[in-house]
Structures are given as C-alpha cells and as structure tokens.
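Have a look at work-v8.txt; it's compact mmCIF, C-alpha atoms:
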```txt
# COMPACT_ATOMS: atom_id res chain seq x y z
CA MET A 1 -44.26 30.05 36.36
CA GLU A 2 -41.37 27.60 36.41
CA LEU A 3 -38.93 29.90 38.26
CA LEU A 4 -41.47 30.29 41.05
CA LYS A 5 -42.11 26.55 41.35
CA LYS A 6 -38.36 25.97 41.51
CA LYS A 7 -37.98 28.52 44.30
CA ILE A 8 -40.92 27.06 46.24
CA LEU A 9 -39.39 23.58 46.02
CA GLU A 10 -35.88 24.76 46.90
CA GLU A 11 -36.61 27.40 49.54
CA GLY A 12 -40.16 26.79 50.74
CA GLU A 13 -40.82 25.13 54.06
CA VAL A 14 -43.98 23.16 54.71
CA ILE A 15 -45.36 23.23 58.23
CA GLY A 16 -48.11 20.75 58.98
CA ASP A 17 -50.27 19.99 55.97
CA ASP A 18 -51.29 23.51 55.01
CA ILE A 19 -48.69 26.19 55.86
CA LEU A 20 -46.04 27.11 53.32
CA LYS A 21 -43.29 29.44 54.47
CA VAL A 22 -41.59 31.36 51.69
CA ASP A 23 -39.92 33.94 53.90
CA SER A 24 -36.64 33.79 52.00
CA PHE A 25 -38.03 35.50 48.90
CA LEU A 26 -41.66 36.61 49.31
CA ASN A 27 -42.88 37.24 52.85
CA HIS A 28 -39.99 38.54 54.94
CA GLN A 29 -36.86 38.75 52.83
CA LEU A 30 -37.67 39.96 49.31
CA ASP A 31 -35.77 38.67 46.30
CA ILE A 32 -36.01 41.76 44.14
CA LYS A 33 -34.95 40.31 40.78
CA PHE A 34 -37.36 37.45 41.25
CA LEU A 35 -40.22 39.74 42.24
CA ASN A 36 -39.53 41.78 39.12
CA GLU A 37 -40.09 38.63 37.07
CA VAL A 38 -43.32 38.02 38.99
CA GLY A 39 -44.50 41.55 38.23
CA LYS A 40 -43.69 41.01 34.56
CA GLU A 41 -45.73 37.79 34.47
CA PHE A 42 -48.79 39.64 35.71
CA TRP A 43 -48.21 42.30 33.09
CA LEU A 44 -47.93 39.70 30.31
CA LYS A 45 -51.28 38.26 31.40
CA PHE A 46 -53.23 41.49 31.89
CA ARG A 47 -51.41 43.98 29.66
CA ASN A 48 -54.27 44.32 27.16
CA ASP A 49 -56.91 44.92 29.81
CA LYS A 50 -56.39 48.68 30.18
CA VAL A 51 -55.62 48.40 33.89
CA THR A 52 -55.62 51.86 35.56
CA LYS A 53 -54.74 50.86 39.10
CA ILE A 54 -53.36 47.96 41.12
CA LEU A 55 -54.99 47.21 44.46
CA THR A 56 -53.39 45.10 47.18
CA ILE A 57 -53.40 44.73 50.99
CA GLU A 58 -50.58 45.57 53.35
CA SER A 59 -48.03 44.16 53.94
CA SER A 60 -46.94 41.20 51.83
CA GLY A 61 -48.77 42.29 48.69
CA ILE A 62 -47.03 45.65 48.43
CA ALA A 63 -43.68 44.60 46.97
CA ILE A 64 -45.30 42.47 44.25
CA ALA A 65 -47.86 45.14 43.42
CA VAL A 66 -45.12 47.75 43.07
CA MET A 67 -43.11 45.53 40.75
CA ALA A 68 -46.10 44.86 38.55
CA ALA A 69 -47.07 48.55 38.57
CA GLN A 70 -43.73 49.44 36.99
CA TYR A 71 -44.72 47.42 33.94
CA PHE A 72 -48.32 48.66 33.81
CA ASP A 73 -47.25 52.25 34.53
CA VAL A 74 -50.14 52.76 36.97
CA PRO A 75 -50.38 53.65 40.68
CA VAL A 76 -50.72 51.09 43.46
CA VAL A 77 -53.24 51.49 46.26
CA PHE A 78 -52.78 49.29 49.29
CA ALA A 79 -55.72 48.67 51.60
CA LYS A 80 -54.89 49.31 55.22
CA LYS A 81 -55.60 46.84 57.97
CA ASN A 82 -55.00 48.95 61.01
CA ILE A 83 -56.66 52.04 62.33
CA SER A 84 -54.40 55.00 61.75
CA ARG A 85 -55.15 58.51 62.88
CA ASN A 86 -53.63 59.68 59.61
CA LEU A 87 -56.13 57.78 57.49
CA GLU A 88 -58.81 59.52 55.48
CA THR A 89 -62.26 59.82 57.03
CA GLU A 90 -64.01 59.16 53.69
CA ILE A 91 -63.26 55.48 53.33
CA TYR A 92 -64.57 52.24 51.92
CA THR A 93 -64.33 49.38 54.41
CA SER A 94 -64.85 45.66 54.23
CA GLU A 95 -64.61 42.83 56.72
CA VAL A 96 -62.09 40.04 56.19
CA PHE A 97 -62.03 36.86 58.23
CA SER A 98 -58.50 35.54 58.76
CA PHE A 99 -58.34 31.77 59.14
CA THR A 100 -54.66 32.09 60.14
CA LYS A 101 -55.42 34.35 63.08
CA GLY A 102 -58.99 33.24 63.78
CA THR A 103 -60.25 36.82 63.83
CA THR A 104 -62.05 39.29 61.60
CA TYR A 105 -60.28 42.48 60.61
CA GLN A 106 -61.32 45.51 58.62
CA ILE A 107 -59.63 46.66 55.44
CA LYS A 108 -59.90 50.28 54.40
CA VAL A 109 -59.34 52.31 51.26
CA ALA A 110 -59.79 56.08 51.04
CA LYS A 111 -62.62 56.81 48.63
CA LYS A 112 -60.66 59.29 46.57
CA TYR A 113 -58.15 56.67 45.43
CA ILE A 114 -60.71 54.45 43.65
CA THR A 115 -63.22 55.89 41.21
CA ALA A 116 -65.94 54.43 39.02
CA GLU A 117 -63.66 54.94 35.99
CA ASP A 118 -60.93 52.68 37.40
CA ARG A 119 -60.09 49.30 35.92
CA ILE A 120 -58.50 47.50 38.82
CA LEU A 121 -56.16 44.55 39.02
CA ILE A 122 -55.91 42.96 42.46
CA ILE A 123 -52.50 41.54 43.32
CA ASP A 124 -51.65 39.46 46.37
CA ASP A 125 -49.02 37.00 47.53
CA PHE A 126 -51.21 34.07 48.65
CA LEU A 127 -54.70 32.85 47.87
CA ALA A 128 -56.07 30.30 50.33
CA ASN A 129 -59.64 30.88 51.52
CA GLY A 130 -59.94 33.95 49.36
CA ARG A 131 -61.34 36.23 52.01
CA ALA A 132 -58.80 39.01 51.43
CA VAL A 133 -59.54 39.12 47.69
CA LEU A 134 -63.28 39.05 48.41
CA GLY A 135 -62.82 42.04 50.72
CA LEU A 136 -60.97 43.94 47.99
CA LYS A 137 -63.63 42.93 45.46
CA ASP A 138 -66.28 44.29 47.82
CA ILE A 139 -64.47 47.63 48.04
CA ILE A 140 -64.10 47.81 44.25
CA GLU A 141 -67.84 47.19 43.91
CA GLN A 142 -68.66 49.84 46.51
CA ALA A 143 -66.66 52.29 44.38
CA GLY A 144 -68.45 51.19 41.22
CA ALA A 145 -65.08 50.43 39.65
CA ASN A 146 -64.26 47.53 37.33
CA LEU A 147 -62.47 44.46 38.65
CA ILE A 148 -60.23 43.24 35.83
CA GLY A 149 -58.79 40.24 37.62
CA ALA A 150 -56.66 38.96 40.47
CA GLY A 151 -52.97 38.16 40.09
CA ILE A 152 -51.85 35.74 42.78
CA VAL A 153 -48.34 34.44 43.35
CA ILE A 154 -49.17 31.21 45.18
CA GLU A 155 -52.62 29.64 45.29
CA LYS A 156 -53.38 26.87 47.74
CA GLY A 157 -55.49 24.79 45.38
CA PHE A 158 -56.58 22.48 48.18
CA GLN A 159 -58.45 25.36 49.81
CA GLN A 160 -61.61 26.92 48.44
CA GLY A 161 -60.63 30.51 47.65
CA GLY A 162 -59.64 30.08 44.01
CA LYS A 163 -62.67 27.93 43.23
CA ASN A 164 -65.07 30.36 44.91
CA LEU A 165 -63.60 33.42 43.21
CA ARG A 166 -63.63 31.80 39.76
CA GLU A 167 -67.25 30.72 40.29
CA ALA A 168 -68.00 34.34 41.23
CA GLY A 169 -66.65 35.37 37.84
CA VAL A 170 -63.26 36.74 38.95
CA ASN A 171 -60.43 36.22 36.45
CA VAL A 172 -57.94 34.64 38.88
CA TYR A 173 -54.43 34.14 37.54
CA SER A 174 -52.14 32.25 39.92
CA LEU A 175 -48.48 31.79 39.05
CA ALA A 176 -48.32 28.52 40.97
CA ILE A 177 -51.18 26.40 42.28
CA ILE A 178 -50.35 23.91 44.99
CA GLU A 179 -52.56 20.83 44.85
CA SER A 180 -51.28 19.24 48.04
CA MET A 181 -48.61 19.61 50.72
CA LYS A 182 -49.44 16.40 52.62
CA GLY A 183 -46.51 14.98 54.52
CA GLY A 184 -44.42 18.00 53.49
CA LYS A 185 -44.42 17.00 49.83
CA ILE A 186 -45.42 19.86 47.54
CA VAL A 187 -47.47 18.82 44.51
CA PHE A 188 -48.33 21.48 41.93
CA ARG A 189 -51.47 21.47 39.81
CA GLU A 190 -50.67 20.85 36.15
CA ASN A 191 -51.36 23.77 33.83
CA MET B 1 -34.90 66.38 46.64
CA GLU B 2 -36.81 69.10 44.80
CA LEU B 3 -39.38 66.77 43.23
CA LEU B 4 -40.29 65.48 46.70
CA LYS B 5 -40.64 68.96 48.17
CA LYS B 6 -42.87 69.92 45.26
CA LYS B 7 -45.09 66.90 45.83
CA ILE B 8 -45.29 67.56 49.56
CA LEU B 9 -46.36 71.16 48.93
CA GLU B 10 -48.85 70.23 46.21
CA GLU B 11 -50.33 67.03 47.61
CA GLY B 12 -49.47 66.94 51.32
CA GLU B 13 -52.08 67.76 53.91
CA VAL B 14 -51.13 69.15 57.30
CA ILE B 15 -53.30 68.17 60.25
CA GLY B 16 -52.73 70.11 63.44
CA ASP B 17 -49.13 71.20 63.88
CA ASP B 18 -47.36 67.90 63.46
CA ILE B 19 -49.17 65.44 61.17
CA LEU B 20 -48.37 65.40 57.46
CA LYS B 21 -50.56 63.21 55.26
CA VAL B 22 -48.94 62.15 52.00
CA ASP B 23 -51.39 59.37 51.21
CA SER B 24 -51.61 60.32 47.53
CA PHE B 25 -48.07 59.14 46.72
CA LEU B 26 -46.32 57.54 49.71
CA ASN B 27 -48.53 56.02 52.40
CA HIS B 28 -51.69 54.68 50.81
CA GLN B 29 -51.59 55.30 47.08
CA LEU B 30 -48.09 54.77 45.67
CA ASP B 31 -46.78 56.91 42.83
CA ILE B 32 -44.49 54.35 41.25
CA LYS B 33 -42.43 56.60 38.98
CA PHE B 34 -41.86 59.00 41.82
CA LEU B 35 -40.86 56.20 44.22
CA ASN B 36 -38.41 54.98 41.61
CA GLU B 37 -36.75 58.41 41.69
CA VAL B 38 -36.68 58.21 45.49
CA GLY B 39 -34.98 54.82 45.33
CA LYS B 40 -32.43 56.21 42.89
CA GLU B 41 -31.63 59.13 45.23
CA PHE B 42 -30.77 56.69 48.01
CA TRP B 43 -28.59 54.75 45.61
CA LEU B 44 -26.75 57.91 44.49
CA LYS B 45 -26.00 58.67 48.15
CA PHE B 46 -24.96 55.21 49.33
CA ARG B 47 -23.82 53.49 46.12
CA ASN B 48 -20.15 53.34 47.16
CA ASP B 49 -20.85 51.89 50.59
CA LYS B 50 -20.98 48.23 49.54
CA VAL B 51 -24.54 47.79 50.86
CA THR B 52 -25.50 44.10 50.98
CA LYS B 53 -29.05 44.40 52.29
CA ILE B 54 -31.81 46.94 52.80
CA LEU B 55 -33.80 46.75 56.04
CA THR B 56 -37.17 48.39 56.57
CA ILE B 57 -40.38 47.94 58.60
CA GLU B 58 -43.78 46.98 57.29
CA SER B 59 -45.80 48.50 55.76
CA SER B 60 -44.99 51.95 54.42
CA GLY B 61 -41.26 51.36 54.10
CA ILE B 62 -41.60 48.36 51.80
CA ALA B 63 -42.33 50.09 48.48
CA ILE B 64 -39.45 52.55 48.89
CA ALA B 65 -37.04 49.83 50.01
CA VAL B 66 -37.94 47.69 47.01
CA MET B 67 -37.38 50.57 44.62
CA ALA B 68 -33.98 51.34 46.11
CA ALA B 69 -33.04 47.66 46.14
CA GLN B 70 -33.45 47.52 42.37
CA TYR B 71 -30.61 50.01 42.05
CA PHE B 72 -28.40 48.43 44.71
CA ASP B 73 -29.15 44.92 43.42
CA VAL B 74 -29.55 43.56 46.96
CA PRO B 75 -32.40 41.87 48.87
CA VAL B 76 -34.83 43.71 51.14
CA VAL B 77 -35.73 42.43 54.59
CA PHE B 78 -38.76 43.95 56.24
CA ALA B 79 -39.14 43.72 60.00
CA LYS B 80 -42.54 42.42 61.03
CA LYS B 81 -44.73 44.14 63.56
CA ASN B 82 -47.34 41.51 64.17
CA ILE B 83 -47.13 38.06 65.58
CA SER B 84 -47.53 35.55 62.80
CA ARG B 85 -47.67 31.82 63.26
CA ASN B 86 -45.66 31.52 60.07
CA LEU B 87 -42.73 33.51 61.38
CA GLU B 88 -39.39 31.97 62.23
CA THR B 89 -38.79 30.97 65.83
CA GLU B 90 -35.15 32.12 65.72
CA ILE B 91 -35.69 35.86 65.68
CA TYR B 92 -34.18 39.14 66.75
CA THR B 93 -36.70 41.40 68.45
CA SER B 94 -36.71 44.99 69.58
CA GLU B 95 -39.25 47.24 71.27
CA VAL B 96 -40.51 50.35 69.50
CA PHE B 97 -42.62 53.00 71.19
CA SER B 98 -45.13 54.58 68.81
CA PHE B 99 -45.98 58.17 69.67
CA THR B 100 -48.76 58.09 67.07
CA LYS B 101 -50.51 55.18 68.71
CA GLY B 102 -49.29 55.67 72.26
CA THR B 103 -48.23 52.04 72.57
CA THR B 104 -45.11 49.92 72.40
CA TYR B 105 -44.88 47.25 69.74
CA GLN B 106 -42.30 44.60 68.94
CA ILE B 107 -40.44 44.38 65.65
CA LYS B 108 -39.01 41.07 64.56
CA VAL B 109 -36.47 39.84 62.04
CA ALA B 110 -35.60 36.18 61.49
CA LYS B 111 -31.96 35.65 62.46
CA LYS B 112 -31.05 33.92 59.24
CA TYR B 113 -31.75 37.01 57.14
CA ILE B 114 -29.15 39.24 58.82
CA THR B 115 -25.60 38.07 59.34
CA ALA B 116 -22.45 39.64 60.78
CA GLU B 117 -21.14 40.07 57.24
CA ASP B 118 -24.05 42.26 56.17
CA ARG B 119 -23.67 45.96 55.44
CA ILE B 120 -27.16 47.26 55.99
CA LEU B 121 -28.95 50.36 54.78
CA ILE B 122 -32.13 51.21 56.69
CA ILE B 123 -34.87 52.78 54.59
CA ASP B 124 -38.11 54.25 55.91
CA ASP B 125 -40.79 56.71 54.85
CA PHE B 126 -40.87 59.05 57.87
CA LEU B 127 -38.46 59.99 60.63
CA ALA B 128 -40.06 61.76 63.58
CA ASN B 129 -39.04 60.54 67.02
CA GLY B 130 -36.72 57.99 65.51
CA ARG B 131 -37.89 55.05 67.54
CA ALA B 132 -38.46 52.78 64.54
CA VAL B 133 -34.94 53.37 63.20
CA LEU B 134 -33.51 52.84 66.70
CA GLY B 135 -35.32 49.51 66.86
CA LEU B 136 -33.85 48.46 63.52
CA LYS B 137 -30.41 49.66 64.65
CA ASP B 138 -30.78 47.54 67.76
CA ILE B 139 -31.56 44.46 65.66
CA ILE B 140 -28.59 45.14 63.35
CA GLU B 141 -26.33 45.37 66.42
CA GLN B 142 -27.75 42.16 67.87
CA ALA B 143 -26.77 40.47 64.61
CA GLY B 144 -23.30 42.01 64.70
CA ALA B 145 -23.92 43.48 61.24
CA ASN B 146 -22.79 46.89 59.99
CA LEU B 147 -25.22 49.79 59.84
CA ILE B 148 -24.24 51.85 56.80
CA GLY B 149 -26.85 54.54 57.18
CA ALA B 150 -30.52 55.42 57.15
CA GLY B 151 -32.31 56.71 54.06
CA ILE B 152 -35.45 58.61 55.03
CA VAL B 153 -37.98 60.15 52.68
CA ILE B 154 -39.45 62.81 55.01
CA GLU B 155 -37.83 63.90 58.26
CA LYS B 156 -39.78 65.98 60.75
CA GLY B 157 -36.90 68.25 61.72
CA PHE B 158 -38.92 69.75 64.57
CA GLN B 159 -38.93 66.40 66.34
CA GLN B 160 -35.90 64.79 67.93
CA GLY B 161 -35.32 61.61 65.94
CA GLY B 162 -32.89 62.93 63.35
CA LYS B 163 -30.83 64.81 65.92
CA ASN B 164 -30.66 61.82 68.25
CA LEU B 165 -29.70 59.39 65.51
CA ARG B 166 -26.99 61.67 64.10
CA GLU B 167 -25.57 62.18 67.60
CA ALA B 168 -25.53 58.40 67.96
CA GLY B 169 -23.33 58.27 64.85
CA VAL B 170 -25.94 57.12 62.33
CA ASN B 171 -25.47 58.48 58.80
CA VAL B 172 -29.02 59.79 58.32
CA TYR B 173 -29.89 60.98 54.82
CA SER B 174 -33.32 62.58 54.54
CA LEU B 175 -34.64 63.63 51.15
CA ALA B 176 -36.71 66.42 52.71
CA ILE B 177 -36.50 67.86 56.22
CA ILE B 178 -39.50 69.79 57.47
CA GLU B 179 -38.54 72.54 59.88
CA SER B 180 -42.09 73.54 60.80
CA MET B 181 -45.72 72.92 59.88
CA LYS B 182 -47.24 75.49 62.22
CA GLY B 183 -50.56 76.84 61.06
CA GLY B 184 -50.50 74.38 58.16
CA LYS B 185 -47.57 76.12 56.47
CA ILE B 186 -44.79 73.73 55.52
CA VAL B 187 -41.27 75.15 55.88
CA PHE B 188 -38.35 73.02 54.70
CA ARG B 189 -34.88 73.13 56.22
CA GLU B 190 -32.38 74.60 53.81
CA ASN B 191 -29.73 72.17 52.59
```
Kindly present the structure from the file in structure tokens form.
Amino acid sequence: MELLKKKILEEGEVIGDDILKVDSFLNHQLDIKFLNEVGKEFWLKFRNDKVTKILTIESSGIAIAVMAAQYFDVPVVFAKKNISRNLETEIYTSEVFSFTKGTTYQIKVAKKYITAEDRILIIDDFLANGRAVLGLKDIIEQAGANLIGAGIVIEKGFQQGGKNLREAGVNVYSLAIIESMKGGKIVFREN
Amino acid sequence: MELLKKKILEEGEVIGDDILKVDSFLNHQLDIKFLNEVGKEFWLKFRNDKVTKILTIESSGIAIAVMAAQYFDVPVVFAKKNISRNLETEIYTSEVFSFTKGTTYQIKVAKKYITAEDRILIIDDFLANGRAVLGLKDIIEQAGANLIGAGIVIEKGFQQGGKNLREAGVNVYSLAIIESMKGGKIVFREN
C-alpha cells in the first residue's frame, strides 16, 4: 500500500535496528482518514471470503478492525489482555509471549462471541514474531471457527512471524513488509 | 439516545447493584453500525464547537472515539495505560484511581500530540466515579489546551463522577444516564 509506505518513511521513527514507532498515525495518535483507507484495503483483499467477524487484540488493533468492519458490515471482537471483573466466565484463553515486554500474557475471548459457524478475519497493527496472531488462531481453533486470514498493517519481514504463519497455512496479507531497518534506513520488501 | 437505552435493556447484564455488562456491543464485541450512530450523536452535540482533536483512553474508548472522529474529521489520540518501551519520552502523565481494580494507574500522552491550540473533546464508554475523565482533563490542562466537553456513552448517575465533573465546569454529555440498577432493574434518568 503506497500511502502506508509513504507515511512510514515520512513519519516513522526507527529506534535501534528493530523498533519502528508510528505513533503519529497508528499507535497513539490515529489518522482517521488514513485508517479508513487501511480498512478498505483489507476489504478489497478479503471481500469475497464471506467474513462474518473480525477478531483483534486490544489496544492498537481496535481502530483498524473497526474501520475494516465498516466495509465488511460485520462485528468486531477484541481479545482482552487484562483480567477484568466484568469479563465473562465462559471464555477461551491463550498464552502469548511478548518479546517487547519479555513476559507471557493471557488473551481472552468470551465463548459466546465466536461460534463454529464464524468465518473470522484477524486484523492487527504489527506482525513481528507472530505470537499475538498465533494466540488468536488458537482461540479460533478452540471455537471450531474458520480462520479466513490475517490482515496486518506493518509486517517486520526480518522477524519470523510472517514466515511461520504462512508455513502454518494462514493467509497473511500485510500492507507493508519491512525487509530491514538497519542503521535507521527502512527498506521495504518488493511486492 | 433511545437506541442505546433499548440495547442496554435488551443486551445489558446487571451484576450486583452497580456493574453493567454491555460486552455484546460496546466493551468486547463491537456493534459497528450502532457505534457509528453513537459517534454521530456526539457530532450532533459538539459539531459547532470547532473540535480539533478527540482524546480517549485505551481500550474501550477507542472504537467510539474513532467513529466520532469520522464525523468531526479530526485525529484521535488515545492515552496509554501501560508502560511501553516504544512510547515517547516527552509525555504528560496523570494518575487515575480505578475503583474497579482498587489500584492507581498512570495515563500517558506524548506531548507532541496535544498543543495549546487544540480544542479537545474527551470521549469514553463509561462514566462512574469520573477519575478517568479527570485524568484526561488534567493532561489537557498541562498542555494548555481547551477542553470542549466530554462525550460519554453510559453514565452511572448513581455514582459521583458526572456530578463532580459538571460542578467543575465540564460540559458532560451522556447518551444514557442510569439512575439505579438495584435488584437488576435498570432505571434511566429522564431527560
């Protein structure tokens, strides 16, 4: 997605060799018109796949999932990371290891919001080691639902998540794949 | 907002005398068409107030803020609750006491995303004790920006947040105010 690559180059900030900050439009401040275009891109890719629900994880995935859901005309379910006394007792859970934080956390989805009839599109902002998407995939499998694919805004192609998920048969569609950020220079993978 | 009240009565679940679960459309699964109507309601109320930015807190506020922002044609900034190594070092912080969790947490907004020229509308899903909105108000004041008002989906009128905020001069606009949930029976405040 050329508009995305342009924004990454103009507004992204590389820290070290592997962190990309895109807080000006994706992870802290949200550029609504741009995110609408992102949602539309996911719809163009998956519009014939009879998606019934979009699944994401709080927090950064929510805005993108909502934008896409407007095009698909389906509900969004966001997996919760934190224990909440308001959360359903009948839940699917999965463990996700966070390389960023060096800890494992649980993600949770109330059972009643995913059924075996659902055809689910996962949407998330970043794909690096792929653990978050694997956790969502695990929950979808627990529910006996169908995983249609994963729409990712930015994939770090120099990490293993995208490769592992594709080898596991997941239809991963990333709007931009970064091949390298060495020395602060962002190189995209050619389409 | 009649549609909201209808959904609360049909889909909401009261736990004890003070917890309202609306996970089917607002806090876990997101009913996109409905949230679009919610966003439009906030726009109808504040459309003449020259809002330049919508401020919310992760996670449950994000979807509503994004929907409203489409009507206002302004960016959303969501305050972060957790420490992230990707977050800006130049940040405004404020302390928020959570009655639900019994702990105090910090909310953070990168300084560059709120300026003294901004006219800010706060949007959030619930208003109970009002501590989250007070934290956002504190950050807006630290930035020297203008607080236009607070758009709330569900206000618990039997708790003190709404009263305190209105007495502090905040233009609070709640789409539904619950007067009581005693014995599981939801009673709305008359407009």
Near chain B, meaning an atom within 6 Å, which residues of chain A appear when counting only C-alpha atoms? Write them as a PDB file with C-alpha atoms, in the frame of the given file.
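Output contents, as saved in part-v1.pdb:
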```
ATOM      1  CA  HIS A  28     -39.990  38.540  54.940  1.00  0.00           C
ATOM      2  CA  GLN A  29     -36.860  38.750  52.830  1.00  0.00           C
ATOM      3  CA  LEU A  30     -37.670  39.960  49.310  1.00  0.00           C
ATOM      4  CA  ASP A  31     -35.770  38.670  46.300  1.00  0.00           C
ATOM      5  CA  ILE A  32     -36.010  41.760  44.140  1.00  0.00           C
ATOM      6  CA  SER A  59     -48.030  44.160  53.940  1.00  0.00           C
ATOM      7  CA  ALA A  63     -43.680  44.600  46.970  1.00  0.00           C
ATOM      8  CA  PRO A  75     -50.380  53.650  40.680  1.00  0.00           C
ATOM      9  CA  VAL A  76     -50.720  51.090  43.460  1.00  0.00           C
ATOM     10  CA  VAL A  77     -53.240  51.490  46.260  1.00  0.00           C
ATOM     11  CA  PHE A  78     -52.780  49.290  49.290  1.00  0.00           C
TER      12      PHE A  78
END
```
Nearest to B:Ala176 among B:Leu127, B:Phe34, B:Ala145, B:Lys137, with distances taken over all atoms listed in the file: which residue is it? B:Leu127
Distance query 7 Å from (-54.9, 41.6, 49.3) using all atoms listed in the file, result as a VMD selection string: chain A and resid 56 to 57 61 123 to 124 132 to 133 136
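Residues surrounding A:Ile177 within 7 Å are Ile154, Glu155, Lys156, Gly157, Phe188 and Arg189 of chain A [all atoms listed in the file; sequence separation below 4 positions excluded].
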Using all atoms listed in the file, which residue out of A:Glu141, A:Asp125, A:Glu10, A:Glu179 lies closest to A:Lys111? A:Glu141
Contacts of B:Gly135 within 7 Å, only C-alpha atoms, excl. fewer than 6 positions in-chain, as a PyMOL selection string: chain B and resi 94-96
Taking 3 positions as the minimum chain separation for residues in the same chain, which residues sit within 10 Å of B:Ile148 when counting all atoms listed in the file? Answer as a JSON list (two decimals) with C-alpha atoms, in the coordinates of the input.
```
[["chain", "number", "residue", "atom", "x", "y", "z"],
["B", 46, "PHE", "CA", -24.96, 55.21, 49.33],
["B", 49, "ASP", "CA", -20.85, 51.89, 50.59],
["B", 50, "LYS", "CA", -20.98, 48.23, 49.54],
["B", 51, "VAL", "CA", -24.54, 47.79, 50.86],
["B", 52, "THR", "CA", -25.50, 44.10, 50.98],
["B", 53, "LYS", "CA", -29.05, 44.40, 52.29],
["B", 54, "ILE", "CA", -31.81, 46.94, 52.80],
["B", 118, "ASP", "CA", -24.05, 42.26, 56.17],
["B", 119, "ARG", "CA", -23.67, 45.96, 55.44],
["B", 120, "ILE", "CA", -27.16, 47.26, 55.99],
["B", 121, "LEU", "CA", -28.95, 50.36, 54.78],
["B", 122, "ILE", "CA", -32.13, 51.21, 56.69],
["B", 145, "ALA", "CA", -23.92, 43.48, 61.24],
["B", 151, "GLY", "CA", -32.31, 56.71, 54.06],
["B", 170, "VAL", "CA", -25.94, 57.12, 62.33],
["B", 171, "ASN", "CA", -25.47, 58.48, 58.80],
["B", 172, "VAL", "CA", -29.02, 59.79, 58.32]]
```
Among the residues B:Ala168, B:Val187, B:Ile91, B:Lys182, the one that comes closest to B:Gln142 [using all atoms listed in the file]: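 For B:Gln142, the nearest of the candidates is B:Ile91.
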Around (-47.6, 73.9, 55.9), as given in the file, which residues come within 9 Å? Count only C-alpha atoms and list them as an MDAnalysis selection string. chainID B and resid 9 12:14 17 20 180:187
Saved selection, atoms kept: C-alpha atoms, as a PDB file, in the frame of the given file:
```pdb
ATOM      1  CA  LEU B   9     -46.360  71.160  48.930  1.00  0.00           C
ATOM      2  CA  GLY B  12     -49.470  66.940  51.320  1.00  0.00           C
ATOM      3  CA  GLU B  13     -52.080  67.760  53.910  1.00  0.00           C
ATOM      4  CA  VAL B  14     -51.130  69.150  57.300  1.00  0.00           C
ATOM      5  CA  ASP B  17     -49.130  71.200  63.880  1.00  0.00           C
ATOM      6  CA  LEU B  20     -48.370  65.400  57.460  1.00  0.00           C
ATOM      7  CA  SER B 180     -42.090  73.540  60.800  1.00  0.00           C
ATOM      8  CA  MET B 181     -45.720  72.920  59.880  1.00  0.00           C
ATOM      9  CA  LYS B 182     -47.240  75.490  62.220  1.00  0.00           C
ATOM     10  CA  GLY B 183     -50.560  76.840  61.060  1.00  0.00           C
ATOM     11  CA  GLY B 184     -50.500  74.380  58.160  1.00  0.00           C
ATOM     12  CA  LYS B 185     -47.570  76.120  56.470  1.00  0.00           C
ATOM     13  CA  ILE B 186     -44.790  73.730  55.520  1.00  0.00           C
ATOM     14  CA  VAL B 187     -41.270  75.150  55.880  1.00  0.00           C
TER      15      VAL B 187
END
```
Atomic separation - atom CA of B:Gly16 relative to atom CA of B:Met1, Å: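 Between atom CA of B:Met1 and atom CA of B:Gly16 the gap works out to 24.8 Å.
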Which centre and which edge lengths, in Å to one decimal, describe the axis-aligned box that holds all listed atoms of stretch 108-127 of chain B after 5 Å is added on each side, as AutoDock Vina command-line options?
```
--center_x -31.0 --center_y 47.0 --center_z 59.6 --size_x 29.7 --size_y 36.1 --size_z 20.0
```
For atom CA of A:Ile139 and atom CA of A:Tyr92, quote the distance in Å rounded to one decimal.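 That distance, rounded to one decimal, is 6.0 Å.
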Neighbours of B:Thr115 within 9 Å (all atoms listed in the file; same-chain residues fewer than 6 positions away dropped), as a ChimeraX atom specification? /B:140,143-145
Produce a file of the selected residues containing C-alpha atoms, as a PDB file, keeping the file's coordinate frame.
```pdb
ATOM      1  CA  ILE B 140     -28.590  45.140  63.350  1.00  0.00           C
ATOM      2  CA  ALA B 143     -26.770  40.470  64.610  1.00  0.00           C
ATOM      3  CA  GLY B 144     -23.300  42.010  64.700  1.00  0.00           C
ATOM      4  CA  ALA B 145     -23.920  43.480  61.240  1.00  0.00           C
TER       5      ALA B 145
END
```
Length of the atom CA of B:Arg131 to atom CA of B:Thr104 vector [Å]: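 Taking atom CA of B:Arg131 as the start and atom CA of B:Thr104 as the end point, the length is 10.1 Å.
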Would you mind listing what lies within 10 Å of A:Leu44 as a VMD selection string, with all atoms listed in the file counted and same-chain residues fewer than 6 positions away left out? chain A and resid 38 68 71 to 72
